[in-house]
file run-v9.txt (compact mmCIF, C-alpha atoms)
# COMPACT_ATOMS: atom_id res chain seq x y z
CA MET A 26 69.75 33.58 115.07
CA PRO A 27 70.83 35.91 117.95
CA LEU A 28 67.57 37.91 117.73
CA ASP A 29 65.73 34.72 118.72
CA GLU A 30 67.94 34.50 121.79
CA ILE A 31 67.07 38.06 122.80
CA ILE A 32 63.33 37.43 122.62
CA LYS A 33 63.57 33.72 123.61
CA ARG A 34 61.35 32.70 120.73
CA LYS A 35 58.94 29.84 121.44
CA PRO A 36 58.78 26.95 118.94
CA TYR A 37 55.34 27.89 117.60
CA GLU A 38 56.12 31.60 117.38
CA LYS A 39 56.88 33.36 114.14
CA ILE A 40 58.12 36.93 113.77
CA VAL A 41 55.52 39.03 111.93
CA HIS A 42 57.16 42.47 112.12
CA ILE A 43 60.35 44.16 113.24
CA VAL A 44 59.52 47.82 113.74
CA ARG A 45 62.12 50.54 114.25
CA ARG A 46 61.80 54.27 114.68
CA HIS A 47 61.44 56.12 111.39
CA TRP A 48 64.76 57.16 109.82
CA ILE A 49 63.69 60.81 109.75
CA THR A 50 63.86 60.85 113.58
CA TYR A 51 67.62 60.17 113.31
CA ILE A 52 68.31 63.15 110.99
CA PRO A 53 68.72 65.73 113.85
CA THR A 54 71.44 63.50 115.35
CA VAL A 55 73.24 63.33 111.98
CA ILE A 56 73.08 67.13 111.68
CA LEU A 57 74.35 67.58 115.26
CA TYR A 58 77.35 65.27 114.78
CA SER A 59 78.17 66.77 111.36
CA PHE A 60 78.20 70.21 112.97
CA LEU A 61 80.41 68.99 115.83
CA ALA A 62 82.82 67.34 113.35
CA ILE A 63 83.47 70.57 111.46
CA ILE A 64 83.76 72.81 114.56
CA PRO A 65 87.60 72.42 115.01
CA PHE A 66 88.42 73.69 111.52
CA PRO A 67 86.95 77.24 111.69
CA LEU A 68 88.21 77.39 115.30
CA LEU A 69 91.77 76.54 114.16
CA PHE A 70 91.49 79.08 111.37
CA VAL A 71 90.56 81.83 113.84
CA LEU A 72 93.33 80.79 116.27
CA GLY A 73 95.81 80.67 113.36
CA GLN A 74 94.90 84.24 112.43
CA ALA A 75 95.25 85.36 116.04
CA ASN A 76 98.63 83.69 116.70
CA PRO A 77 100.36 82.74 113.41
CA ALA A 78 103.78 82.16 115.03
CA PHE A 79 102.48 79.34 117.24
CA PHE A 80 100.93 77.51 114.28
CA GLN A 81 104.09 77.79 112.16
CA ASP A 82 106.00 75.62 114.63
CA ALA A 83 105.97 71.94 113.52
CA ASN A 84 105.88 70.62 117.10
CA ALA A 85 102.98 72.86 118.10
CA ARG A 86 101.16 71.70 114.99
CA ALA A 87 101.77 68.09 116.04
CA ILE A 88 100.02 68.66 119.39
CA ILE A 89 97.10 70.34 117.66
CA VAL A 90 96.87 67.49 115.12
CA LEU A 91 96.73 64.93 117.96
CA LEU A 92 94.03 66.93 119.76
CA VAL A 93 91.91 67.39 116.62
CA SER A 94 92.40 63.73 115.67
CA ALA A 95 91.25 62.55 119.12
CA PHE A 96 88.25 64.90 118.93
CA GLU A 97 87.25 63.69 115.45
CA LEU A 98 87.64 60.02 116.43
CA SER A 99 85.49 60.65 119.53
CA ILE A 100 82.82 62.25 117.34
CA ALA A 101 82.90 59.20 115.03
CA LEU A 102 82.64 56.85 118.03
CA PHE A 103 79.74 58.72 119.66
CA PHE A 104 77.97 59.02 116.31
CA TYR A 105 78.21 55.26 115.78
CA ALA A 106 77.06 54.57 119.36
CA SER A 107 74.07 56.89 118.86
CA PHE A 108 73.25 55.07 115.60
CA LEU A 109 73.29 51.76 117.47
CA MET A 110 70.95 53.13 120.13
CA TYR A 111 68.63 54.33 117.39
CA TYR A 112 68.85 51.16 115.32
CA LEU A 113 68.74 48.56 118.10
CA ASP A 114 65.63 50.13 119.62
CA MET A 115 62.98 47.94 118.07
CA ILE A 116 59.63 46.34 118.50
CA ILE A 117 59.44 42.70 117.50
CA VAL A 118 55.89 41.58 116.81
CA THR A 119 55.27 37.84 116.73
CA ASN A 120 51.99 35.97 116.36
CA ASP A 121 51.92 35.57 120.17
CA ARG A 122 53.43 38.70 121.74
CA LEU A 123 55.10 42.00 121.27
CA VAL A 124 58.68 42.47 122.47
CA GLU A 125 60.15 45.93 122.92
CA VAL A 126 63.95 46.05 122.88
CA SER A 127 65.25 49.35 124.20
CA GLN A 128 68.98 49.98 123.82
CA ARG A 129 69.40 52.72 126.44
CA SER A 130 73.19 52.95 126.23
CA LEU A 131 76.09 50.87 124.95
CA PHE A 132 75.92 48.55 127.97
CA SER A 133 72.28 48.87 128.96
CA ARG A 134 69.42 47.11 127.20
CA LYS A 135 65.84 46.82 128.42
CA VAL A 136 63.57 44.12 126.99
CA SER A 137 59.87 44.20 127.84
CA GLU A 138 57.09 42.11 126.38
CA LEU A 139 53.36 42.07 126.15
CA ASP A 140 51.02 39.21 125.25
CA LEU A 141 48.98 40.23 122.23
CA TYR A 142 45.70 38.95 123.72
CA LYS A 143 46.14 41.47 126.60
CA ILE A 144 45.97 44.45 124.26
CA GLN A 145 42.67 46.22 124.97
CA ASP A 146 43.05 49.38 122.99
CA ALA A 147 45.54 50.85 120.53
CA THR A 148 45.99 54.49 119.59
CA SER A 149 48.10 55.84 116.76
CA ASP A 150 48.94 59.51 116.54
CA VAL A 151 50.55 61.33 113.63
CA SER A 152 50.80 65.04 114.29
CA GLY A 153 52.80 67.76 112.60
CA VAL A 154 53.68 68.57 108.99
CA VAL A 155 56.90 66.54 108.83
CA ALA A 156 55.30 63.56 110.62
CA THR A 157 52.36 63.62 108.20
CA ILE A 158 54.61 63.85 105.11
CA PHE A 159 56.84 60.98 106.24
CA ASP A 160 54.04 59.07 107.99
CA TYR A 161 55.53 58.49 111.41
CA GLY A 162 54.16 59.05 114.89
CA THR A 163 53.29 57.53 118.22
CA LEU A 164 51.65 54.21 118.88
CA ALA A 165 50.15 53.64 122.34
CA LEU A 166 48.84 50.30 123.54
CA GLN A 167 46.55 49.99 126.51
CA THR A 168 46.73 46.63 128.24
CA ALA A 169 44.63 44.63 130.66
CA GLY A 170 45.93 44.19 134.17
CA GLU A 171 48.44 46.13 136.15
CA HIS A 172 50.99 46.48 133.33
CA ASP A 173 52.04 49.93 132.22
CA ASN A 174 50.78 51.06 128.86
CA PHE A 175 53.22 50.64 126.00
CA VAL A 176 54.11 53.81 124.13
CA PHE A 177 56.34 53.82 121.03
CA ASP A 178 57.48 57.14 119.67
CA GLY A 179 58.58 57.86 116.11
CA VAL A 180 57.46 54.58 114.54
CA GLY A 181 56.79 54.51 110.80
CA HIS A 182 53.22 53.96 109.51
CA PRO A 183 51.63 53.93 113.00
CA HIS A 184 48.03 53.69 111.69
CA ASP A 185 48.80 50.54 109.65
CA LEU A 186 50.72 49.07 112.56
CA ARG A 187 47.81 49.73 114.95
CA ARG A 188 45.39 47.93 112.62
CA GLN A 189 47.74 44.98 112.19
CA LEU A 190 48.36 44.73 115.93
CA LEU A 191 44.64 44.76 116.69
CA ASP A 192 44.07 42.00 114.09
CA LEU A 193 46.87 39.92 115.60
CA ALA A 194 45.53 40.57 119.11
CA GLU A 195 42.07 39.38 118.00
CA GLU A 196 43.53 36.19 116.52
CA ASP A 197 45.52 35.57 119.70
CA ARG A 198 42.43 36.13 121.84
CA LYS A 199 40.52 33.55 119.76
CA TYR A 200 43.42 31.11 120.19
CA HIS A 201 43.41 31.60 123.97
CA ALA A 202 39.61 31.24 124.06
CA ARG A 203 39.93 27.88 122.21
CA ILE A 204 42.55 26.78 124.73
CA GLY A 205 40.17 27.75 127.53
CA ALA A 206 37.29 25.79 125.96
CA HIS A 207 39.12 22.59 124.90
CA GLY A 208 42.37 22.57 126.85
CA ALA A 209 45.81 23.01 125.38
CA ALA A 210 46.28 19.28 124.71
CA ASP A 211 43.35 19.11 122.26
CA LEU A 212 44.80 21.86 120.11
CA LYS A 213 48.13 20.15 119.59
CA MET B 230 108.89 76.38 134.85
CA LEU B 231 107.48 73.01 133.87
CA SER B 232 108.98 70.91 131.04
CA ILE B 233 107.08 68.13 129.32
CA PRO B 234 108.67 65.97 126.58
CA LEU B 235 106.54 66.04 123.42
CA PHE B 236 106.32 62.24 123.29
CA ILE B 237 104.08 62.34 126.39
CA PHE B 238 101.34 63.74 124.13
CA LEU B 239 101.92 60.91 121.67
CA ALA B 240 101.74 58.35 124.51
CA ILE B 241 98.44 59.85 125.76
CA TYR B 242 97.09 59.74 122.19
CA CYS B 243 98.10 56.06 121.87
CA ILE B 244 96.31 55.23 125.16
CA TYR B 245 93.26 57.08 123.84
CA LEU B 246 93.46 55.02 120.61
CA LEU B 247 93.40 51.85 122.71
CA PHE B 248 90.15 52.93 124.42
CA PHE B 249 88.79 54.02 121.05
CA LEU B 250 89.44 50.55 119.59
CA LEU B 251 87.88 48.83 122.63
CA PHE B 252 84.68 50.89 122.41
CA SER B 253 84.54 50.51 118.61
CA ALA B 254 84.80 46.74 119.04
CA ALA B 255 81.98 46.86 121.63
CA ASN B 256 79.84 48.80 119.14
CA VAL B 257 80.45 46.33 116.31
CA TYR B 258 79.78 43.43 118.72
CA HIS B 259 76.30 44.87 119.34
CA ILE B 260 75.57 44.67 115.60
CA TYR B 261 76.86 41.09 115.57
CA SER B 262 75.02 40.02 118.75
CA THR B 263 71.67 41.28 117.49
CA ALA B 264 72.28 40.00 113.95
CA THR B 265 71.27 43.34 112.47
CA PHE B 266 73.37 42.91 109.32
CA THR B 267 70.93 45.00 107.33
CA ALA B 268 71.83 47.47 104.59
CA PRO B 269 71.61 50.63 106.82
CA ALA B 270 73.70 49.03 109.59
CA VAL B 271 76.38 47.84 107.15
CA LEU B 272 76.36 51.20 105.33
CA ILE B 273 76.84 53.21 108.53
CA THR B 274 79.47 50.76 109.84
CA VAL B 275 81.49 50.97 106.60
CA GLY B 276 81.03 54.76 106.43
CA VAL B 277 82.19 55.35 110.02
CA SER B 278 85.11 52.91 109.54
CA LEU B 279 86.25 54.79 106.41
CA TRP B 280 85.88 58.10 108.25
CA CYS B 281 88.06 56.81 111.13
CA MET B 282 90.67 55.40 108.74
CA MET B 283 90.85 58.75 106.95
CA ILE B 284 91.33 60.58 110.26
CA LEU B 285 94.06 58.14 111.34
CA ALA B 286 95.81 58.34 107.94
CA ALA B 287 95.70 62.16 107.96
CA THR B 288 97.01 62.18 111.55
CA PHE B 289 99.85 59.82 110.64
CA ILE B 290 100.83 61.95 107.62
CA ALA B 291 100.66 65.17 109.66
CA ILE B 292 102.85 63.94 112.52
CA THR B 293 105.48 62.21 110.39
CA GLY B 294 108.86 63.88 110.86
CA VAL B 295 108.06 65.46 114.23
CA ASP B 296 110.90 65.29 116.74
CA TRP B 297 109.14 63.76 119.75
CA GLN B 298 112.19 64.32 122.00
CA THR B 299 111.54 68.07 121.93
CA THR B 300 110.57 69.56 125.27
CA LEU B 301 107.52 71.69 125.83
CA VAL B 302 108.07 74.36 128.49
CA LEU B 303 104.94 75.41 130.35
CA LEU B 304 104.79 78.63 132.37
CA GLY B 305 108.31 79.65 131.28
CA ASN B 306 109.65 83.20 131.29
CA GLN B 307 109.09 83.55 127.52
CA GLY B 308 105.36 83.02 127.69
CA LEU B 309 102.73 80.51 128.73
CA ILE B 310 103.92 77.73 126.38
CA THR B 311 107.37 77.58 124.75
CA ILE B 312 108.69 74.78 122.55
CA GLN B 313 112.45 74.16 122.77
call {"tool": "encode", "arguments": {"input": "run-v9.txt", "output": "structure tokens"}}
result
Amino acid sequence: MPLDEIIKRKPYEKIVHIVRRHWITYIPTVILYSFLAIIPFPLLFVLGQANPAFFQDANARAIIVLLVSAFELSIALFFYASFLMYYLDMIIVTNDRLVEVSQRSLFSRKVSELDLYKIQDATSDVSGVVATIFDYGTLALQTAGEHDNFVFDGVGHPHDLRRQLLDLAEEDRKYHARIGAHGAADLK
Amino acid sequence: MLSIPLFIFLAIYCIYLLFFLLFSAANVYHIYSTATFTAPAVLITVGVSLWCMMILAATFIAITGVDWQTTLVLLGNQGLITIQ
């Protein structure tokens, strides 16, 4: 599975969760692109009223059709690219670590990971009417060591996710403590 | 006075279509490479593909019958743009 290649899954690892931003966070983008897609038509109507002779010419119409077509295709392309950036941004939670895949542009992807046992503190924040209704918000993870804190915006059910992550982190800490006490060979 | 044959616009549009296809293929490859063949991804992909096909079909219908050998005169003495 290609997702395994992205996170370089270890043999003993199993994926527990794949978390994406809540779909409601993508709605403003849909509205923006819908608005941009309909812009040429009222504009052409106004221009047609201002200069009817130009629009009656078949060749002039052909140039306008090509321009509008290129504009609409560009809107479709950018809309799809923005969907990919929304959809391919994800957090993959395994029983060993947490991998954040950040699709920053079409040809730029950042992958960062965090061992679950290093999670010291987790904070979930749901603020605002819309966020409360649709249950999405911010999840912040504080880690041990010099690593930056992980902050995920717009994730769905952040309180549940925080609890699950803390449980998984506790299990992973116990596993690492057993390794420390008996050595990795004894556990195999 | 500057004359431009109308087919130049068609040629530029065709070059644009080439770039459009390349970037669309790159987009679809991302879905393939991350194996995100989930219902939302497939739905959006099919929706955007249908949208693009409708635009291309409407464009094709609208430009059928245009004489591309016609010359467009820019900055002529009859106005800013004249079609001959």
call {"tool": "residues_around", "arguments": {"input": "run-v9.txt", "residues": "Glu125 (chain A)", "least_positions_apart": "6", "cutoff": "9 Å", "atoms": "only C-alpha atoms", "output": "ChimeraX atom specification"}}
result
/A:114-118,135-139,175,177
call {"tool": "atom_distance", "arguments": {"input": "run-v9.txt", "atom1": "CA of Gly181 (chain A)", "atom2": "CA of His47 (chain A)"}}
result
5.0 Å
call {"tool": "residues_around", "arguments": {"input": "run-v9.txt", "residues": "region 237-248 of chain B", "least_positions_apart": "2", "cutoff": "9 Å", "atoms": "all atoms listed in the file", "output": "PyMOL selection string"}}
result
(chain A and resi 88+91-92+94-95+98) or (chain B and resi 233-235+250-253+297)
call {"tool": "interface_residues", "arguments": {"input": "run-v9.txt", "of": "chain A", "to": "chain B", "cutoff": "8 Å", "atoms": "only C-alpha atoms", "output": "PyMOL selection string"}}
result
chain A and resi 26-28+31+83-85+87-88+90-91+94-95+97-99+101-102+105-106+109+112-113+131
call {"tool": "write_last_selection", "arguments": {"input": "run-v9.txt", "atoms": "C-alpha atoms", "output": "compact mmCIF listing (two decimals), in the frame of the given file"}}
result
# COMPACT_ATOMS: atom_id res chain seq x y z
CA MET A 26 69.75 33.58 115.07
CA PRO A 27 70.83 35.91 117.95
CA LEU A 28 67.57 37.91 117.73
CA ILE A 31 67.07 38.06 122.80
CA ALA A 83 105.97 71.94 113.52
CA ASN A 84 105.88 70.62 117.10
CA ALA A 85 102.98 72.86 118.10
CA ALA A 87 101.77 68.09 116.04
CA ILE A 88 100.02 68.66 119.39
CA VAL A 90 96.87 67.49 115.12
CA LEU A 91 96.73 64.93 117.96
CA SER A 94 92.40 63.73 115.67
CA ALA A 95 91.25 62.55 119.12
CA GLU A 97 87.25 63.69 115.45
CA LEU A 98 87.64 60.02 116.43
CA SER A 99 85.49 60.65 119.53
CA ALA A 101 82.90 59.20 115.03
CA LEU A 102 82.64 56.85 118.03
CA TYR A 105 78.21 55.26 115.78
CA ALA A 106 77.06 54.57 119.36
CA LEU A 109 73.29 51.76 117.47
CA TYR A 112 68.85 51.16 115.32
CA LEU A 113 68.74 48.56 118.10
CA LEU A 131 76.09 50.87 124.95
call {"tool": "atom_distance", "arguments": {"input": "run-v9.txt", "atom1": "CA of Val154 (chain A)", "atom2": "CA of Ile49 (chain A)"}}
result
12.7 Å
call {"tool": "residues_around", "arguments": {"input": "run-v9.txt", "residues": "Lys35 (chain A)", "least_positions_apart": "6", "cutoff": "12 Å", "atoms": "only C-alpha atoms", "output": "JSON list (two decimals) with C-alpha atoms, keeping the file's coordinate frame"}}
result
[["chain", "number", "residue", "atom", "x", "y", "z"],
["A", 29, "ASP", "CA", 65.73, 34.72, 118.72],
["A", 119, "THR", "CA", 55.27, 37.84, 116.73],
["A", 120, "ASN", "CA", 51.99, 35.97, 116.36],
["A", 121, "ASP", "CA", 51.92, 35.57, 120.17],
["A", 122, "ARG", "CA", 53.43, 38.70, 121.74]]
call {"tool": "residues_around", "arguments": {"input": "run-v9.txt", "residues": "Asp146 (chain A)", "least_positions_apart": "5", "cutoff": "12 Å", "atoms": "only C-alpha atoms", "output": "short mmCIF file (atom, residue, chain, number, x, y, z; two decimals) with C-alpha atoms, in the coordinates of the input"}}
result
data_model
loop_
_atom_site.label_atom_id
_atom_site.label_comp_id
_atom_site.auth_asym_id
_atom_site.auth_seq_id
_atom_site.Cartn_x
_atom_site.Cartn_y
_atom_site.Cartn_z
CA LEU A 141 48.98 40.23 122.23
CA LEU A 164 51.65 54.21 118.88
CA ALA A 165 50.15 53.64 122.34
CA LEU A 166 48.84 50.30 123.54
CA GLN A 167 46.55 49.99 126.51
CA THR A 168 46.73 46.63 128.24
CA ALA A 169 44.63 44.63 130.66
CA ASN A 174 50.78 51.06 128.86
CA PHE A 175 53.22 50.64 126.00
CA VAL A 176 54.11 53.81 124.13
CA ARG A 187 47.81 49.73 114.95
CA ARG A 188 45.39 47.93 112.62
CA LEU A 190 48.36 44.73 115.93
CA LEU A 191 44.64 44.76 116.69
CA ASP A 192 44.07 42.00 114.09
CA ALA A 194 45.53 40.57 119.11
CA GLU A 195 42.07 39.38 118.00
#
call {"tool": "residues_around", "arguments": {"input": "run-v9.txt", "residues": "Tyr200 (chain A)", "least_positions_apart": "4", "cutoff": "10 Å", "atoms": "only C-alpha atoms", "output": "list in words"}}
result
Asp121, Tyr142, Ala194, Glu195, Glu196, Ile204, Gly205, Ala206, Ala209 and Leu212 of chain A
call {"tool": "atom_distance", "arguments": {"input": "run-v9.txt", "atom1": "CA of His182 (chain A)", "atom2": "CA of Phe132 (chain A)"}}
result
29.8 Å
call {"tool": "closest_residue", "arguments": {"input": "run-v9.txt", "among": "A:Ile64, A:Met110, A:Val151, A:Leu72", "to": "Val93 (chain A)", "atoms": "only C-alpha atoms"}}
result
A:Ile64
